[in-house]
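Just below is one structure, and these are the notes that go with it.
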Amino acid sequence: MLKEFDILVIGGGPGGYVAAIRAAQLGFNVACCESNPYADPKGEPRLGGTCLNVGCIPSKALLHTSHLYEEAAHAFAGQGIEISAPKINVQKMLARKNGIVDQLTGGIKALFRKNKVAFLAGHGAFVGKTANGWKLAVGKEEVEAKAVIIATGSSARHLPNVPVDNKIVCDNVGALDMDAVPKKLAIIGAGVIGLEMGSVWRRLGSEVTILEALPDFLPFADADVAKEALKIFTKQGLSIQTGVQVNEVKVGKKSVAISYADKDGKAARIEADRLIVSVGRVPNTEGLNADAVGLKLNARGQIEVDAHCKTNLPGVWAIGDVVRGPMLAHKAMEEGVQVAERIAGQAGHVNLDAISGVIYTSPEIAWVGKNERELKAAGIAYKTGKAPFLANGRALGIGAAEGFVKILADAATDRVLGVHIIGSGASDLIAEAVVALEFAGASEDLARICHAHPTLSEALHEAALACDKRALHC
Ligand code: FAD
Ligand code: NAD
């Protein structure tokens with residue numbers, strides 16, 4: 001029998017599951033289908049998408065464990081804590097990470113039950129238009145929905161002639177599940193995954209080499225932050241080579257050899273026990289039957305949407321990694337809320353100019369708004385306020401005095417245009433900057449707020465004061 005819903009959400013990642021819950025809260029009869037290979041104890045596909053299964057959450061669990069290990073190995077002694085050298089039990093570390101994933105992915109199924117969202121296990125694809133909306137196939141079943149939200153996410157981009165087996169050559173899936181610490185680890189791509197996963201395995205003892213094609217390190221970040229990050233990561237022991245061209249990857253039974261040209265064009269070669277390929281992600285549109293129903297994609301293979309995530313087809317919306325904008329879980333979730341509210345006739349909105357980015361290395365890197373390069377390119381006059389964590393009592397107390405906060409404010413109006421942080425706790429500190437941007441705040445607004453002492457947030461306060469050349473502690 002044909003199942004009928006007001007809304008069918010295709011994909012149960014952060015975009016899809018949030019869209020489904022918000023739509024159910026608004027009174028719609030909603031279903032969400034999911035077809036990933038990660039099974040829960042019932043044998044059904046787990047919800048949570050890339051983020052919960054093989055992305056944000058497992059990577060942060062491993063980053064935390066490896067951070068503790070590194071602290072115990074190298075930082076405890078300096079604080080008078082004397083222990084014998086720590087040992088890492090990789091199986092236990094992975095089991096803890098898997099436990100967190102199980103708990104959170106199972107939690108979303110419970111949220112679906114609570115909000116009366118129907119979960120449909122199976123791959124969703126368009127069949128055709130109906131008088132009331134759309135007919136879709138979900139696995140072997142047929143479903144009719146008045147509106148469809150496509151939230152099919154993205155998959156790791158692979159390189160031609162570099163087969164990923166997730167044993168020797170890994171993408172994000174294998175990188176999060178290595179059963180031993182590789183003695184030598186090579187990584188292609190010094191982006192977010194390369195740096196986070198490189199940090200995990202370096203902390204646990206791997207000799208890590210990262211090969212990056214672009215001549216500049218972290219070109220999307222503020223140049224000061226990128227420079228500081230390269231200095232710190234290199235000192236930590238990550239070997240980061242920019243401007244390289246990978247020519248050949250030869251995979252053996254237990255190792256892999258990478259031949260490349262370095263930044264001067266000189267031939268070079270490294271051997272490693274494992275290789276992680278982290279060169280970006282591609283939108284998941286295959287198998288949707290997009291062509292047959294005329295769903296428009298853009299030149300990058302993403303589903304084309306307007307500012308409100310509406311596609312070219314009536315009643316069909318698309319959100320998250322499968323559309324333009326940063327490939328981030330919080331952006332996908334907000335688009336899910338936006339679309340559910342738009343379908344309900346409300347004014348859901350996402351400001352793509354105020355989506356913060358975070359790299360969860362040590363120190364962390366976080367930013368929101370424009371950087372200096374972008375402001376210069378746009379011809380906007382700006383002033384800068386910078387405060388180092390070295391002048392922050394809390395940062396010294398917790399042994400994390402590296403990095404700084406940098407605020408860019410409009411030279412004429414003082415409006416905050418961008419905030420860039422490298423330092424411990426940057427992932428949480430950036431939230432205050434997002435509020436300032438969303439509320440069109442000025443650096444003076446941040447400077448006049450009384451920040452708790454001693455906290456890392458005082459560095460943001462100092463940077464705001466520094467915009468007016470009246471920093472008190474640096
Ligand atoms: P996805 O999470 O990819 O979910 C899409 C879901 O749709 C998948 O489960 C897929 O199986 C399903 N699907 C696809 N096609 C169909 C179909 N036809 N029928 C049924 N189901 C289908 N972002 C952050 O913000 N913070 C982080 O710290 C962070 N860390 C990351 C670490 C790693 C290693 C990786 C790989 C990514 C990370 N990301 C992070 C990015 C984040 O995971 C994504 O931006 C986010 O998951 C996108 O959500 P989504 O719902 O659009 O897509
Ligand atoms: P990325 O876009 O962050 O970085 C990919 C890097 O690979 C780039 O620097 C690129 O220049 C380089 N590259 C591309 N082709 C190459 C080649 N042939 N040889 C050498 N280098 C090459 O992509 P990623 O690290 O794979 O991560 C994918 C996405 O997942 C990110 O863009 C981000 O949206 C998301 N993510 C977010 C977080 C987070 O929020 N903390 C963490 C992990 C992933």
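Chain labels run A, B, ... following the order of the structure tokens; each chain numbers its residues from 1, and ligands are numbered from 1 in the order shown.
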For stretch 167-214 of chain A versus stretch 224-235 of chain A, which residues have an atom no more than 12 Å away, and what is each residue's nearest atom pair and distance in Å rounded to one decimal, using only C-alpha atoms, chain-then-number order, as a tab-separated table?
residue	atom	partner	partner_atom	distance
A:Ala190	CA	A:Leu230	CA	10.6
A:Gly191	CA	A:Ala226	CA	11.5
A:Leu195	CA	A:Phe233	CA	8.9
A:Glu196	CA	A:Phe233	CA	11.0
A:Gly198	CA	A:Phe233	CA	10.0
A:Ser199	CA	A:Phe233	CA	8.5
A:Arg202	CA	A:Phe233	CA	10.4
A:Arg203	CA	A:Phe233	CA	11.3
A:Glu207	CA	A:Thr234	CA	11.9
A:Val208	CA	A:Thr234	CA	10.5
A:Thr209	CA	A:Thr234	CA	10.3
A:Ile210	CA	A:Thr234	CA	10.7
Export of prior selection with N, CA, C and O atoms as a PDB file, in the first residue's frame:
ATOM      1  N   ALA A 190      45.985  18.888   3.495  1.00  0.00           N
ATOM      2  CA  ALA A 190      46.151  19.518   4.821  1.00  0.00           C
ATOM      3  C   ALA A 190      44.949  20.391   5.138  1.00  0.00           C
ATOM      4  O   ALA A 190      45.080  21.556   5.518  1.00  0.00           O
ATOM      5  N   GLY A 191      43.750  19.833   4.965  1.00  0.00           N
ATOM      6  CA  GLY A 191      42.535  20.552   5.331  1.00  0.00           C
ATOM      7  C   GLY A 191      42.131  20.156   6.737  1.00  0.00           C
ATOM      8  O   GLY A 191      42.965  19.728   7.550  1.00  0.00           O
ATOM      9  N   LEU A 195      44.326  17.681   9.313  1.00  0.00           N
ATOM     10  CA  LEU A 195      44.928  18.238  10.534  1.00  0.00           C
ATOM     11  C   LEU A 195      44.372  17.561  11.787  1.00  0.00           C
ATOM     12  O   LEU A 195      45.126  17.276  12.730  1.00  0.00           O
ATOM     13  N   GLU A 196      43.048  17.311  11.799  1.00  0.00           N
ATOM     14  CA  GLU A 196      42.479  16.679  13.005  1.00  0.00           C
ATOM     15  C   GLU A 196      42.972  15.237  13.148  1.00  0.00           C
ATOM     16  O   GLU A 196      43.426  14.824  14.212  1.00  0.00           O
ATOM     17  N   GLY A 198      45.512  13.837  11.631  1.00  0.00           N
ATOM     18  CA  GLY A 198      46.970  13.850  11.770  1.00  0.00           C
ATOM     19  C   GLY A 198      47.349  14.110  13.222  1.00  0.00           C
ATOM     20  O   GLY A 198      48.277  13.492  13.758  1.00  0.00           O
ATOM     21  N   SER A 199      46.614  15.006  13.878  1.00  0.00           N
ATOM     22  CA  SER A 199      46.902  15.321  15.290  1.00  0.00           C
ATOM     23  C   SER A 199      46.630  14.111  16.173  1.00  0.00           C
ATOM     24  O   SER A 199      47.415  13.790  17.069  1.00  0.00           O
ATOM     25  N   ARG A 202      49.435  11.522  15.500  1.00  0.00           N
ATOM     26  CA  ARG A 202      50.746  12.029  15.930  1.00  0.00           C
ATOM     27  C   ARG A 202      50.850  11.988  17.463  1.00  0.00           C
ATOM     28  O   ARG A 202      51.851  11.535  18.022  1.00  0.00           O
ATOM     29  N   ARG A 203      49.786  12.431  18.142  1.00  0.00           N
ATOM     30  CA  ARG A 203      49.829  12.438  19.607  1.00  0.00           C
ATOM     31  C   ARG A 203      50.058  11.048  20.170  1.00  0.00           C
ATOM     32  O   ARG A 203      50.675  10.872  21.204  1.00  0.00           O
ATOM     33  N   GLU A 207      54.627   8.999  13.184  1.00  0.00           N
ATOM     34  CA  GLU A 207      55.400  10.036  12.497  1.00  0.00           C
ATOM     35  C   GLU A 207      54.526  10.461  11.310  1.00  0.00           C
ATOM     36  O   GLU A 207      54.278   9.644  10.412  1.00  0.00           O
ATOM     37  N   VAL A 208      54.020  11.693  11.339  1.00  0.00           N
ATOM     38  CA  VAL A 208      52.989  12.082  10.366  1.00  0.00           C
ATOM     39  C   VAL A 208      53.534  13.086   9.340  1.00  0.00           C
ATOM     40  O   VAL A 208      54.110  14.108   9.701  1.00  0.00           O
ATOM     41  N   THR A 209      53.323  12.768   8.057  1.00  0.00           N
ATOM     42  CA  THR A 209      53.674  13.702   6.971  1.00  0.00           C
ATOM     43  C   THR A 209      52.391  14.054   6.225  1.00  0.00           C
ATOM     44  O   THR A 209      51.656  13.157   5.793  1.00  0.00           O
ATOM     45  N   ILE A 210      52.141  15.348   6.087  1.00  0.00           N
ATOM     46  CA  ILE A 210      50.935  15.787   5.362  1.00  0.00           C
ATOM     47  C   ILE A 210      51.365  16.480   4.070  1.00  0.00           C
ATOM     48  O   ILE A 210      52.182  17.409   4.099  1.00  0.00           O
TER      49      ILE A 210
END
### Task
Quick one: pick out all helix (DSSP H, G or I) residues within stretch 197-397 of chain A from a backbone DSSP run and write them as a ChimeraX atom specification.
/A:197-203,223-236,290-293,320-322,329-343,352-354,372-377,389-391,393-397
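A straight line drawn from atom CA of A:Lys116 to atom CA of A:Ile21 is 8.4 Å long.
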### Task
Point out the residue among A:Asn89, A:Gly194, A:Asn284, A:Arg373 with the least atom-to-atom distance to A:Asp179, counting only C-alpha atoms.
A:Asn89
Report the closest atom pair, with its distance in Å rounded to one decimal, for each residue of chain A that has an atom no farther than 6 Å from ligand 2; count only C-alpha atoms and all ligand atoms, sort by chain and then rising residue number, and write it as a tab-separated table.
residue	atom	partner	partner_atom_place_in_ligand_line	distance
A:Ile188	CA	ligand 2	20 (C)	4.9
A:Gly189	CA	ligand 2	7 (O)	3.3
A:Ala190	CA	ligand 2	9 (O)	4.8
A:Gly191	CA	ligand 2	4 (O)	3.2
A:Val192	CA	ligand 2	25 (O)	4.0
A:Ile193	CA	ligand 2	25 (O)	3.6
A:Gly194	CA	ligand 2	25 (O)	5.3
A:Leu211	CA	ligand 2	20 (C)	5.6
A:Glu212	CA	ligand 2	21 (N)	3.9
A:Ala213	CA	ligand 2	20 (C)	3.9
A:Leu214	CA	ligand 2	11 (O)	5.1
A:Val246	CA	ligand 2	19 (N)	5.7
A:Ser278	CA	ligand 2	26 (O)	3.8
A:Val279	CA	ligand 2	7 (O)	3.5
A:Gly280	CA	ligand 2	23 (O)	3.3
A:Arg281	CA	ligand 2	28 (C)	5.1
A:Pro326	CA	ligand 2	34 (O)	5.6
A:Met327	CA	ligand 2	34 (O)	3.7
A:Leu328	CA	ligand 2	34 (O)	5.1
A:Gly357	CA	ligand 2	40 (O)	6.0
A:Val358	CA	ligand 2	41 (N)	5.0
A:Ile359	CA	ligand 2	41 (N)	4.3
A:Tyr360	CA	ligand 2	41 (N)	5.6
Please write the residues from the selection above to a file, keeping all heavy atoms, as a short mmCIF file (atom, residue, chain, number, x, y, z; two decimals), in the first residue's frame.
data_model
loop_
_atom_site.label_atom_id
_atom_site.label_comp_id
_atom_site.auth_asym_id
_atom_site.auth_seq_id
_atom_site.Cartn_x
_atom_site.Cartn_y
_atom_site.Cartn_z
N ILE A 188 47.22 12.86 2.53
CA ILE A 188 47.14 13.76 1.37
C ILE A 188 46.00 14.73 1.65
O ILE A 188 44.84 14.33 1.80
CB ILE A 188 46.89 12.98 0.05
CG1 ILE A 188 48.02 11.96 -0.18
CG2 ILE A 188 46.81 13.95 -1.11
CD1 ILE A 188 47.87 11.15 -1.47
N GLY A 189 46.34 16.03 1.72
CA GLY A 189 45.35 17.07 2.00
C GLY A 189 45.51 17.62 3.41
O GLY A 189 45.25 16.92 4.39
N ALA A 190 45.99 18.89 3.50
CA ALA A 190 46.15 19.52 4.82
C ALA A 190 44.95 20.39 5.14
O ALA A 190 45.08 21.56 5.52
CB ALA A 190 47.44 20.34 4.85
N GLY A 191 43.75 19.83 4.97
CA GLY A 191 42.53 20.55 5.33
C GLY A 191 42.13 20.16 6.74
O GLY A 191 42.97 19.73 7.55
N VAL A 192 40.83 20.27 7.01
CA VAL A 192 40.35 20.06 8.37
C VAL A 192 40.55 18.61 8.82
O VAL A 192 41.06 18.36 9.92
CB VAL A 192 38.86 20.45 8.47
CG1 VAL A 192 38.46 20.61 9.92
CG2 VAL A 192 38.59 21.74 7.74
N ILE A 193 40.20 17.65 7.96
CA ILE A 193 40.33 16.24 8.36
C ILE A 193 41.81 15.88 8.50
O ILE A 193 42.22 15.23 9.47
CB ILE A 193 39.64 15.30 7.35
CG1 ILE A 193 38.13 15.55 7.38
CG2 ILE A 193 39.95 13.83 7.65
CD1 ILE A 193 37.33 14.69 6.43
N GLY A 194 42.63 16.31 7.55
CA GLY A 194 44.06 16.00 7.59
C GLY A 194 44.68 16.48 8.89
O GLY A 194 45.45 15.75 9.53
N LEU A 211 50.80 16.01 2.96
CA LEU A 211 51.14 16.56 1.65
C LEU A 211 49.96 17.38 1.13
O LEU A 211 48.85 16.86 0.97
CB LEU A 211 51.43 15.42 0.66
CG LEU A 211 52.56 14.46 1.07
CD1 LEU A 211 52.67 13.30 0.07
CD2 LEU A 211 53.89 15.20 1.18
N GLU A 212 50.20 18.67 0.90
CA GLU A 212 49.13 19.57 0.50
C GLU A 212 49.44 20.16 -0.87
O GLU A 212 50.56 20.64 -1.11
CB GLU A 212 48.99 20.69 1.56
CG GLU A 212 48.18 21.90 1.16
CD GLU A 212 46.73 21.58 0.78
OE1 GLU A 212 46.07 20.82 1.50
OE2 GLU A 212 46.26 22.10 -0.26
N ALA A 213 48.44 20.16 -1.75
CA ALA A 213 48.66 20.64 -3.12
C ALA A 213 48.82 22.16 -3.20
O ALA A 213 49.66 22.66 -3.95
CB ALA A 213 47.50 20.20 -4.00
N LEU A 214 48.04 22.89 -2.41
CA LEU A 214 48.08 24.35 -2.54
C LEU A 214 49.38 24.92 -1.96
O LEU A 214 49.94 24.35 -1.01
CB LEU A 214 46.87 24.97 -1.83
CG LEU A 214 45.51 24.67 -2.46
CD1 LEU A 214 44.38 25.25 -1.61
CD2 LEU A 214 45.44 25.22 -3.88
N VAL A 246 51.14 15.19 -5.93
CA VAL A 246 51.24 13.74 -5.75
C VAL A 246 51.17 13.09 -7.13
O VAL A 246 50.23 13.34 -7.90
CB VAL A 246 50.11 13.22 -4.83
CG1 VAL A 246 50.12 11.70 -4.78
CG2 VAL A 246 50.25 13.81 -3.43
N SER A 278 42.45 12.88 2.43
CA SER A 278 41.43 13.83 2.92
C SER A 278 41.50 15.07 2.04
O SER A 278 42.11 16.07 2.39
CB SER A 278 41.70 14.18 4.38
OG SER A 278 43.08 14.49 4.59
N VAL A 279 40.90 14.95 0.86
CA VAL A 279 41.01 16.00 -0.16
C VAL A 279 39.63 16.60 -0.48
O VAL A 279 39.36 17.01 -1.59
CB VAL A 279 41.67 15.46 -1.45
CG1 VAL A 279 43.13 15.09 -1.19
CG2 VAL A 279 40.91 14.25 -2.00
N GLY A 280 38.76 16.66 0.52
CA GLY A 280 37.45 17.25 0.33
C GLY A 280 36.36 16.21 0.17
O GLY A 280 36.63 14.99 0.22
N ARG A 281 35.13 16.68 0.00
CA ARG A 281 33.98 15.77 -0.07
C ARG A 281 33.10 16.13 -1.26
O ARG A 281 33.10 17.26 -1.72
CB ARG A 281 33.18 15.84 1.26
CG ARG A 281 34.05 15.35 2.42
CD ARG A 281 33.30 15.35 3.74
NE ARG A 281 32.17 14.47 3.81
CZ ARG A 281 32.24 13.16 4.03
NH1 ARG A 281 33.40 12.57 4.19
NH2 ARG A 281 31.14 12.42 4.09
N PRO A 326 29.26 26.10 3.48
CA PRO A 326 30.22 25.24 4.16
C PRO A 326 29.63 23.88 4.50
O PRO A 326 28.44 23.78 4.84
CB PRO A 326 30.57 26.02 5.43
CG PRO A 326 29.50 27.03 5.61
CD PRO A 326 28.92 27.30 4.25
N MET A 327 30.46 22.83 4.40
CA MET A 327 30.01 21.47 4.73
C MET A 327 30.18 21.28 6.23
O MET A 327 31.17 20.70 6.68
CB MET A 327 30.81 20.45 3.94
CG MET A 327 30.46 20.41 2.47
SD MET A 327 31.41 19.12 1.66
CE MET A 327 30.47 18.85 0.17
N LEU A 328 29.23 21.78 6.99
CA LEU A 328 29.31 21.73 8.45
C LEU A 328 27.99 21.27 9.04
O LEU A 328 26.91 21.63 8.53
CB LEU A 328 29.68 23.10 9.02
CG LEU A 328 31.07 23.61 8.63
CD1 LEU A 328 31.27 25.06 9.05
CD2 LEU A 328 32.16 22.73 9.23
N GLY A 357 33.42 28.46 11.83
CA GLY A 357 34.20 27.26 11.49
C GLY A 357 35.16 26.95 12.62
O GLY A 357 35.67 27.88 13.25
N VAL A 358 35.38 25.67 12.86
CA VAL A 358 36.29 25.28 13.95
C VAL A 358 37.17 24.13 13.47
O VAL A 358 36.69 23.20 12.83
CB VAL A 358 35.50 24.80 15.20
CG1 VAL A 358 36.47 24.38 16.29
CG2 VAL A 358 34.56 25.88 15.73
N ILE A 359 38.44 24.20 13.79
CA ILE A 359 39.33 23.04 13.61
C ILE A 359 39.76 22.62 15.01
O ILE A 359 40.30 23.41 15.77
CB ILE A 359 40.56 23.38 12.74
CG1 ILE A 359 40.11 24.05 11.43
CG2 ILE A 359 41.36 22.12 12.43
CD1 ILE A 359 41.26 24.46 10.51
N TYR A 360 39.47 21.34 15.33
CA TYR A 360 39.62 20.90 16.73
C TYR A 360 41.01 20.33 17.01
O TYR A 360 41.16 19.26 17.59
CB TYR A 360 38.53 19.88 17.07
CG TYR A 360 37.14 20.47 17.04
CD1 TYR A 360 36.45 20.63 15.84
CD2 TYR A 360 36.53 20.92 18.20
CE1 TYR A 360 35.19 21.20 15.81
CE2 TYR A 360 35.26 21.49 18.18
CZ TYR A 360 34.61 21.63 16.97
OH TYR A 360 33.36 22.20 16.95
#
### Query
Interatomic distance between atom CA of A:Arg415 and atom CA of A:Lys469?
15.7 Å
### Task
Show which residues sit within 12 Å of A:Val54, as a list in words. Count only C-alpha atoms, and ignore same-chain residues fewer than 5 positions away.
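Surrounding residues, per the criterion: Gly13, Asn36, Pro37, Tyr38, Arg46, Leu47, Gly48, Gly49, Ser59, Lys60, Ala61, Leu62, Lys97, Asn98, Ile100, Val101, Asp102, Thr105, Ser154, Ser155, Ala156, Asp171, Asn172, Val173, Gly174, Ala175, Leu176, Asp177 and Ile193 of chain A.
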